[in-house]
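Next comes final.cif, a file with mmCIF, N, CA, C and O atoms.
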```cif
data_model
loop_
_atom_site.label_atom_id
_atom_site.label_comp_id
_atom_site.auth_asym_id
_atom_site.auth_seq_id
_atom_site.Cartn_x
_atom_site.Cartn_y
_atom_site.Cartn_z
N MET A 8 -17.53 1.15 4.35
CA MET A 8 -16.17 1.50 4.72
C MET A 8 -15.81 0.85 6.06
O MET A 8 -14.71 0.34 6.23
N ASN A 9 -16.73 0.88 7.02
CA ASN A 9 -16.45 0.28 8.33
C ASN A 9 -16.20 -1.22 8.22
O ASN A 9 -15.34 -1.76 8.91
N ARG A 10 -16.95 -1.88 7.34
CA ARG A 10 -16.77 -3.32 7.15
C ARG A 10 -15.38 -3.60 6.59
O ARG A 10 -14.70 -4.54 7.00
N TYR A 11 -14.94 -2.78 5.64
CA TYR A 11 -13.61 -2.94 5.06
C TYR A 11 -12.53 -2.74 6.13
O TYR A 11 -11.60 -3.55 6.24
N LEU A 12 -12.64 -1.70 6.92
CA LEU A 12 -11.65 -1.44 7.97
C LEU A 12 -11.63 -2.57 8.99
O LEU A 12 -10.56 -2.97 9.46
N LYS A 13 -12.80 -3.11 9.32
CA LYS A 13 -12.87 -4.23 10.25
C LYS A 13 -12.17 -5.46 9.66
O LYS A 13 -11.47 -6.18 10.37
N SER A 14 -12.34 -5.69 8.35
CA SER A 14 -11.69 -6.83 7.73
C SER A 14 -10.16 -6.69 7.78
O SER A 14 -9.45 -7.68 7.94
N LEU A 15 -9.66 -5.47 7.67
CA LEU A 15 -8.22 -5.24 7.79
C LEU A 15 -7.75 -5.50 9.22
O LEU A 15 -6.69 -6.09 9.44
N GLU A 16 -8.54 -5.07 10.17
CA GLU A 16 -8.22 -5.26 11.57
C GLU A 16 -8.14 -6.75 11.92
O GLU A 16 -7.28 -7.18 12.69
N ASP A 17 -9.03 -7.54 11.34
CA ASP A 17 -9.13 -8.96 11.65
C ASP A 17 -8.25 -9.84 10.76
O ASP A 17 -8.24 -11.05 10.92
N ALA A 18 -7.53 -9.25 9.84
CA ALA A 18 -6.72 -10.02 8.89
C ALA A 18 -5.60 -10.78 9.61
O ALA A 18 -4.91 -10.23 10.45
N GLU A 19 -5.47 -12.04 9.26
CA GLU A 19 -4.36 -12.83 9.77
C GLU A 19 -3.09 -12.54 8.97
O GLU A 19 -2.00 -12.55 9.51
N ILE A 20 -3.26 -12.33 7.67
CA ILE A 20 -2.13 -12.02 6.79
C ILE A 20 -2.41 -10.70 6.10
O ILE A 20 -3.46 -10.52 5.47
N TYR A 21 -1.48 -9.78 6.21
CA TYR A 21 -1.57 -8.51 5.49
C TYR A 21 -0.14 -8.13 5.13
O TYR A 21 0.60 -7.62 5.96
N GLU A 22 0.24 -8.46 3.90
CA GLU A 22 1.60 -8.25 3.45
C GLU A 22 1.64 -7.32 2.26
O GLU A 22 0.76 -7.37 1.39
N ILE A 23 2.67 -6.50 2.21
CA ILE A 23 2.95 -5.65 1.07
C ILE A 23 4.30 -6.10 0.54
O ILE A 23 5.27 -6.17 1.28
N ARG A 24 4.34 -6.42 -0.75
CA ARG A 24 5.60 -6.79 -1.39
C ARG A 24 5.73 -5.99 -2.67
O ARG A 24 4.74 -5.77 -3.38
N PHE A 25 6.94 -5.55 -2.96
CA PHE A 25 7.15 -4.79 -4.19
C PHE A 25 8.59 -4.90 -4.64
O PHE A 25 9.48 -5.25 -3.86
N ASN A 26 8.78 -4.60 -5.92
CA ASN A 26 10.10 -4.43 -6.48
C ASN A 26 10.04 -3.24 -7.42
O ASN A 26 9.09 -2.45 -7.33
N SER A 27 10.97 -3.12 -8.33
CA SER A 27 11.00 -1.94 -9.19
C SER A 27 9.88 -1.94 -10.24
O SER A 27 9.61 -0.92 -10.85
N GLU A 28 9.21 -3.08 -10.43
CA GLU A 28 8.16 -3.17 -11.45
C GLU A 28 6.76 -3.38 -10.90
O GLU A 28 5.79 -2.90 -11.47
N ILE A 29 6.63 -4.13 -9.80
CA ILE A 29 5.29 -4.50 -9.32
C ILE A 29 5.07 -4.12 -7.86
O ILE A 29 6.01 -3.94 -7.09
N PHE A 30 3.79 -4.06 -7.50
CA PHE A 30 3.35 -3.79 -6.14
C PHE A 30 2.27 -4.82 -5.83
O PHE A 30 1.27 -4.92 -6.54
N ASN A 31 2.46 -5.61 -4.78
CA ASN A 31 1.57 -6.73 -4.46
C ASN A 31 1.07 -6.60 -3.03
O ASN A 31 1.87 -6.41 -2.11
N VAL A 32 -0.24 -6.69 -2.83
CA VAL A 32 -0.84 -6.71 -1.51
C VAL A 32 -1.51 -8.06 -1.30
O VAL A 32 -2.29 -8.50 -2.14
N ASN A 33 -1.19 -8.72 -0.21
CA ASN A 33 -1.75 -10.02 0.14
C ASN A 33 -2.56 -9.84 1.42
O ASN A 33 -2.02 -9.56 2.47
N LEU A 34 -3.88 -10.01 1.30
CA LEU A 34 -4.78 -9.93 2.45
C LEU A 34 -5.45 -11.28 2.61
O LEU A 34 -6.32 -11.64 1.81
N ASN A 35 -4.99 -12.05 3.59
CA ASN A 35 -5.53 -13.39 3.83
C ASN A 35 -5.54 -14.25 2.55
O ASN A 35 -6.54 -14.86 2.20
N HIS A 36 -4.43 -14.27 1.85
CA HIS A 36 -4.22 -15.07 0.64
C HIS A 36 -5.02 -14.57 -0.56
O HIS A 36 -5.09 -15.27 -1.57
N GLN A 37 -5.63 -13.39 -0.48
CA GLN A 37 -6.26 -12.78 -1.65
C GLN A 37 -5.31 -11.68 -2.11
O GLN A 37 -5.19 -10.64 -1.46
N GLU A 38 -4.64 -11.95 -3.23
CA GLU A 38 -3.60 -11.05 -3.68
C GLU A 38 -4.09 -10.09 -4.75
O GLU A 38 -4.87 -10.46 -5.62
N GLU A 39 -3.64 -8.85 -4.62
CA GLU A 39 -3.90 -7.82 -5.62
C GLU A 39 -2.54 -7.39 -6.16
O GLU A 39 -1.69 -6.90 -5.41
N LEU A 40 -2.35 -7.58 -7.45
CA LEU A 40 -1.07 -7.30 -8.09
C LEU A 40 -1.23 -6.12 -9.03
O LEU A 40 -2.15 -6.10 -9.85
N SER A 41 -0.36 -5.14 -8.90
CA SER A 41 -0.36 -3.97 -9.77
C SER A 41 1.04 -3.71 -10.27
O SER A 41 2.02 -4.03 -9.60
N LYS A 42 1.12 -3.12 -11.43
CA LYS A 42 2.38 -2.53 -11.87
C LYS A 42 2.40 -1.12 -11.30
O LYS A 42 1.35 -0.50 -11.12
N TRP A 43 3.59 -0.62 -11.02
CA TRP A 43 3.66 0.74 -10.49
C TRP A 43 2.96 1.72 -11.42
O TRP A 43 2.33 2.68 -10.98
N GLU A 44 3.05 1.49 -12.72
CA GLU A 44 2.44 2.40 -13.69
C GLU A 44 0.91 2.42 -13.60
O GLU A 44 0.27 3.33 -14.13
N ASP A 45 0.32 1.41 -12.93
CA ASP A 45 -1.14 1.39 -12.74
C ASP A 45 -1.61 2.47 -11.76
O ASP A 45 -2.79 2.80 -11.73
N PHE A 46 -0.69 2.98 -10.94
CA PHE A 46 -1.06 4.01 -9.96
C PHE A 46 -0.96 5.38 -10.60
O PHE A 46 0.04 5.71 -11.24
N LYS A 47 -2.00 6.17 -10.42
CA LYS A 47 -2.08 7.49 -11.04
C LYS A 47 -1.73 8.62 -10.10
O LYS A 47 -1.39 9.72 -10.53
N ASP A 48 -1.83 8.37 -8.80
CA ASP A 48 -1.58 9.43 -7.83
C ASP A 48 -1.21 8.80 -6.49
O ASP A 48 -1.50 7.64 -6.24
N PHE A 49 -0.57 9.59 -5.64
CA PHE A 49 -0.24 9.14 -4.30
C PHE A 49 -0.14 10.35 -3.38
O PHE A 49 -0.01 11.49 -3.82
N GLU A 50 -0.22 10.06 -2.08
CA GLU A 50 0.00 11.08 -1.05
C GLU A 50 0.85 10.43 0.04
O GLU A 50 0.59 9.31 0.46
N VAL A 51 1.88 11.15 0.46
CA VAL A 51 2.74 10.69 1.53
C VAL A 51 2.82 11.81 2.55
O VAL A 51 3.11 12.96 2.21
N ASN A 52 2.53 11.49 3.81
CA ASN A 52 2.68 12.49 4.87
C ASN A 52 3.12 11.78 6.16
O ASN A 52 3.52 10.62 6.11
N ASP A 53 3.07 12.47 7.27
CA ASP A 53 3.54 11.90 8.53
C ASP A 53 2.57 10.91 9.18
O ASP A 53 2.90 10.30 10.20
N GLU A 54 1.38 10.75 8.59
CA GLU A 54 0.38 9.86 9.16
C GLU A 54 0.07 8.65 8.30
O GLU A 54 -0.27 7.59 8.82
N PHE A 55 0.17 8.79 6.97
CA PHE A 55 -0.19 7.67 6.09
C PHE A 55 0.42 7.85 4.70
O PHE A 55 0.87 8.93 4.33
N ILE A 56 0.37 6.76 3.96
CA ILE A 56 0.70 6.74 2.54
C ILE A 56 -0.54 6.24 1.82
O ILE A 56 -1.10 5.20 2.19
N SER A 57 -1.00 6.98 0.81
CA SER A 57 -2.15 6.51 0.04
C SER A 57 -1.75 6.39 -1.43
O SER A 57 -0.95 7.18 -1.93
N LEU A 58 -2.30 5.39 -2.08
CA LEU A 58 -2.05 5.13 -3.49
C LEU A 58 -3.39 5.06 -4.21
O LEU A 58 -4.33 4.45 -3.70
N GLU A 59 -3.46 5.66 -5.39
CA GLU A 59 -4.69 5.63 -6.18
C GLU A 59 -4.38 5.13 -7.58
O GLU A 59 -3.44 5.59 -8.21
N GLY A 60 -5.19 4.17 -8.02
CA GLY A 60 -5.00 3.62 -9.36
C GLY A 60 -5.96 2.47 -9.60
O GLY A 60 -7.13 2.55 -9.24
N LYS A 61 -5.45 1.38 -10.18
CA LYS A 61 -6.27 0.20 -10.42
C LYS A 61 -6.90 -0.27 -9.11
O LYS A 61 -8.07 -0.63 -9.05
N PHE A 62 -6.09 -0.27 -8.05
CA PHE A 62 -6.57 -0.49 -6.69
C PHE A 62 -6.17 0.73 -5.87
O PHE A 62 -5.18 1.38 -6.19
N ASN A 63 -6.93 1.04 -4.84
CA ASN A 63 -6.61 2.16 -3.95
C ASN A 63 -6.23 1.63 -2.58
O ASN A 63 -6.88 0.71 -2.08
N TYR A 64 -5.21 2.22 -2.00
CA TYR A 64 -4.72 1.77 -0.70
C TYR A 64 -4.43 2.96 0.20
O TYR A 64 -4.06 4.03 -0.29
N MET A 65 -4.53 2.73 1.50
CA MET A 65 -4.06 3.67 2.49
C MET A 65 -3.34 2.87 3.57
O MET A 65 -3.90 1.93 4.13
N PHE A 66 -2.09 3.22 3.80
CA PHE A 66 -1.26 2.52 4.78
C PHE A 66 -0.92 3.47 5.91
O PHE A 66 -0.10 4.38 5.72
N PRO A 67 -1.53 3.32 7.08
CA PRO A 67 -1.21 4.19 8.22
C PRO A 67 0.23 3.96 8.69
O PRO A 67 0.70 2.82 8.73
N LYS A 68 0.89 5.02 9.03
CA LYS A 68 2.27 4.93 9.53
C LYS A 68 2.34 4.04 10.76
O LYS A 68 3.27 3.26 10.92
N LYS A 69 1.34 4.14 11.63
CA LYS A 69 1.37 3.38 12.88
C LYS A 69 1.16 1.88 12.67
O LYS A 69 1.32 1.10 13.60
N SER A 70 0.85 1.46 11.42
CA SER A 70 0.62 0.04 11.17
C SER A 70 1.90 -0.71 10.83
O SER A 70 1.87 -1.92 10.61
N MET A 71 3.03 0.00 10.76
CA MET A 71 4.29 -0.65 10.41
C MET A 71 5.45 0.00 11.15
O MET A 71 5.28 1.06 11.75
N SER A 72 6.60 -0.63 11.08
CA SER A 72 7.77 -0.06 11.74
C SER A 72 8.21 1.22 11.02
O SER A 72 7.87 1.43 9.85
N LYS A 73 8.95 2.03 11.72
CA LYS A 73 9.45 3.28 11.14
C LYS A 73 10.30 2.99 9.90
O LYS A 73 10.18 3.66 8.88
N ALA A 74 11.15 1.96 9.98
CA ALA A 74 12.02 1.60 8.86
C ALA A 74 11.19 1.14 7.65
O ALA A 74 11.47 1.55 6.51
N ASP A 75 10.17 0.31 7.88
CA ASP A 75 9.32 -0.16 6.78
C ASP A 75 8.56 1.00 6.15
O ASP A 75 8.39 1.04 4.93
N TYR A 76 8.10 1.94 6.97
CA TYR A 76 7.39 3.11 6.45
C TYR A 76 8.30 3.92 5.53
O TYR A 76 7.89 4.35 4.46
N GLU A 77 9.53 4.10 5.94
CA GLU A 77 10.49 4.86 5.13
C GLU A 77 10.79 4.15 3.82
O GLU A 77 10.89 4.79 2.76
N ILE A 78 10.94 2.83 3.86
CA ILE A 78 11.19 2.06 2.64
C ILE A 78 10.02 2.18 1.67
O ILE A 78 10.21 2.43 0.47
N LEU A 79 8.80 2.03 2.18
CA LEU A 79 7.61 2.17 1.34
C LEU A 79 7.50 3.59 0.79
O LEU A 79 7.22 3.78 -0.39
N LYS A 80 7.74 4.57 1.62
CA LYS A 80 7.66 5.98 1.19
C LYS A 80 8.63 6.24 0.04
O LYS A 80 8.25 6.85 -0.98
N GLN A 81 9.86 5.79 0.16
CA GLN A 81 10.85 6.01 -0.90
C GLN A 81 10.48 5.26 -2.18
O GLN A 81 10.64 5.79 -3.29
N ALA A 82 9.96 4.05 -2.05
CA ALA A 82 9.55 3.28 -3.23
C ALA A 82 8.41 3.96 -3.95
O ALA A 82 8.40 4.03 -5.19
N VAL A 83 7.44 4.48 -3.21
CA VAL A 83 6.30 5.18 -3.81
C VAL A 83 6.78 6.41 -4.57
O VAL A 83 6.42 6.63 -5.73
N LYS A 84 7.60 7.21 -3.93
CA LYS A 84 8.10 8.44 -4.57
C LYS A 84 8.94 8.14 -5.80
O LYS A 84 8.90 8.88 -6.77
N LYS A 85 9.68 7.06 -5.78
CA LYS A 85 10.54 6.69 -6.90
C LYS A 85 9.74 6.11 -8.08
O LYS A 85 10.06 6.37 -9.23
N ASN A 86 8.72 5.32 -7.78
CA ASN A 86 8.06 4.52 -8.82
C ASN A 86 6.75 5.06 -9.37
O ASN A 86 6.28 4.57 -10.40
N ILE A 87 6.13 6.03 -8.70
CA ILE A 87 4.86 6.56 -9.20
C ILE A 87 5.10 7.97 -9.73
O ILE A 87 5.57 8.85 -9.02
N LYS A 88 4.75 8.13 -10.99
CA LYS A 88 4.90 9.44 -11.63
C LYS A 88 3.65 10.26 -11.39
O LYS A 88 2.54 9.80 -11.64
N GLN A 89 3.83 11.47 -10.90
CA GLN A 89 2.66 12.34 -10.66
C GLN A 89 2.57 13.40 -11.72
O GLN A 89 3.49 13.82 -12.30
#
```
Once you've parsed the file, please lay out its structure as structure tokens.
Amino acid sequence: MNRYLKSLEDAEIYEIRFNSEIFNVNLNHQEELSKWEDFKDFEVNDEFISLEGKFNYMFPKKSMSKADYEILKQAVKKNIKQ
């Protein structure tokens, strides 16, 4: 786990892109593409957003702007059925 967190810290590129059908994470040109339906569960709170499915992610609130966090939060709530 520590090695993974260190790789995120050292990443030159860490992008999240999504639309109404797909969710894409780009970490140093290694892309992970999911359909929203691939996610089975999520958690949204004041500290992070986590997604569980084909790939699992945790996005700390402090890692992005307040506006970006709100956009991601709304997209997650809209697109993942719990």
query = CA of Glu19 in chain A to atom O of Lys69 in chain A: how many Å, to one decimal?
reply =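 Atom O of Lys69 in chain A lies 15.5 Å from CA of Glu19 in chain A.
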task = Quick one: residues within 9 Å of (9.7, -3.2, -3.9) (file frame), counting only C-alpha atoms, please, as JSON, numbers by chain.
result = {"A": [23, 24, 25, 26, 27, 28, 29, 30, 31, 78, 79, 82]}
Take the residues from that selection and write them out as a PDB file, in the coordinates of the input, keeping N, CA, C and O atoms.
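Wrote result34.pdb, looks like this:
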```
ATOM      1  N   ILE A  23       2.670  -6.500   2.210  1.00  0.00           N
ATOM      2  CA  ILE A  23       2.950  -5.650   1.070  1.00  0.00           C
ATOM      3  C   ILE A  23       4.300  -6.100   0.540  1.00  0.00           C
ATOM      4  O   ILE A  23       5.270  -6.170   1.280  1.00  0.00           O
ATOM      5  N   ARG A  24       4.340  -6.420  -0.750  1.00  0.00           N
ATOM      6  CA  ARG A  24       5.600  -6.790  -1.390  1.00  0.00           C
ATOM      7  C   ARG A  24       5.730  -5.990  -2.670  1.00  0.00           C
ATOM      8  O   ARG A  24       4.740  -5.770  -3.380  1.00  0.00           O
ATOM      9  N   PHE A  25       6.940  -5.550  -2.960  1.00  0.00           N
ATOM     10  CA  PHE A  25       7.150  -4.790  -4.190  1.00  0.00           C
ATOM     11  C   PHE A  25       8.590  -4.900  -4.640  1.00  0.00           C
ATOM     12  O   PHE A  25       9.480  -5.250  -3.860  1.00  0.00           O
ATOM     13  N   ASN A  26       8.780  -4.600  -5.920  1.00  0.00           N
ATOM     14  CA  ASN A  26      10.100  -4.430  -6.480  1.00  0.00           C
ATOM     15  C   ASN A  26      10.040  -3.240  -7.420  1.00  0.00           C
ATOM     16  O   ASN A  26       9.090  -2.450  -7.330  1.00  0.00           O
ATOM     17  N   SER A  27      10.970  -3.120  -8.330  1.00  0.00           N
ATOM     18  CA  SER A  27      11.000  -1.940  -9.190  1.00  0.00           C
ATOM     19  C   SER A  27       9.880  -1.940 -10.240  1.00  0.00           C
ATOM     20  O   SER A  27       9.610  -0.920 -10.850  1.00  0.00           O
ATOM     21  N   GLU A  28       9.210  -3.080 -10.430  1.00  0.00           N
ATOM     22  CA  GLU A  28       8.160  -3.170 -11.450  1.00  0.00           C
ATOM     23  C   GLU A  28       6.760  -3.380 -10.900  1.00  0.00           C
ATOM     24  O   GLU A  28       5.790  -2.900 -11.470  1.00  0.00           O
ATOM     25  N   ILE A  29       6.630  -4.130  -9.800  1.00  0.00           N
ATOM     26  CA  ILE A  29       5.290  -4.500  -9.320  1.00  0.00           C
ATOM     27  C   ILE A  29       5.070  -4.120  -7.860  1.00  0.00           C
ATOM     28  O   ILE A  29       6.010  -3.940  -7.090  1.00  0.00           O
ATOM     29  N   PHE A  30       3.790  -4.060  -7.500  1.00  0.00           N
ATOM     30  CA  PHE A  30       3.350  -3.790  -6.140  1.00  0.00           C
ATOM     31  C   PHE A  30       2.270  -4.820  -5.830  1.00  0.00           C
ATOM     32  O   PHE A  30       1.270  -4.920  -6.540  1.00  0.00           O
ATOM     33  N   ASN A  31       2.460  -5.610  -4.780  1.00  0.00           N
ATOM     34  CA  ASN A  31       1.570  -6.730  -4.460  1.00  0.00           C
ATOM     35  C   ASN A  31       1.070  -6.600  -3.030  1.00  0.00           C
ATOM     36  O   ASN A  31       1.870  -6.410  -2.110  1.00  0.00           O
ATOM     37  N   ILE A  78      10.940   2.830   3.860  1.00  0.00           N
ATOM     38  CA  ILE A  78      11.190   2.060   2.640  1.00  0.00           C
ATOM     39  C   ILE A  78      10.020   2.180   1.670  1.00  0.00           C
ATOM     40  O   ILE A  78      10.210   2.430   0.470  1.00  0.00           O
ATOM     41  N   LEU A  79       8.800   2.030   2.180  1.00  0.00           N
ATOM     42  CA  LEU A  79       7.610   2.170   1.340  1.00  0.00           C
ATOM     43  C   LEU A  79       7.500   3.590   0.790  1.00  0.00           C
ATOM     44  O   LEU A  79       7.220   3.780  -0.390  1.00  0.00           O
ATOM     45  N   ALA A  82       9.960   4.050  -2.050  1.00  0.00           N
ATOM     46  CA  ALA A  82       9.550   3.280  -3.230  1.00  0.00           C
ATOM     47  C   ALA A  82       8.410   3.960  -3.950  1.00  0.00           C
ATOM     48  O   ALA A  82       8.400   4.030  -5.190  1.00  0.00           O
TER      49      ALA A  82
END
```
Target residues per the PyMOL selection byres ((chain A and resi 39) around 8), formatted as a list in words = Glu22, Arg24, Ile29, Phe30, Asn31, Val32, Asn33, Leu34, His36, Gln37, Glu38, Leu40, Ser41, Lys42 and Phe62 of chain A
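Our summary of the geometry notes that CA of Glu54 in chain A is positioned 15.2 Å from atom N of Lys84 in chain A.
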message = So, with all atoms listed in the file as the atoms that count, which of A:Glu44, A:Glu77, A:Lys88, A:Phe49 lies closest to Lys61 in chain A?
response = A:Glu44
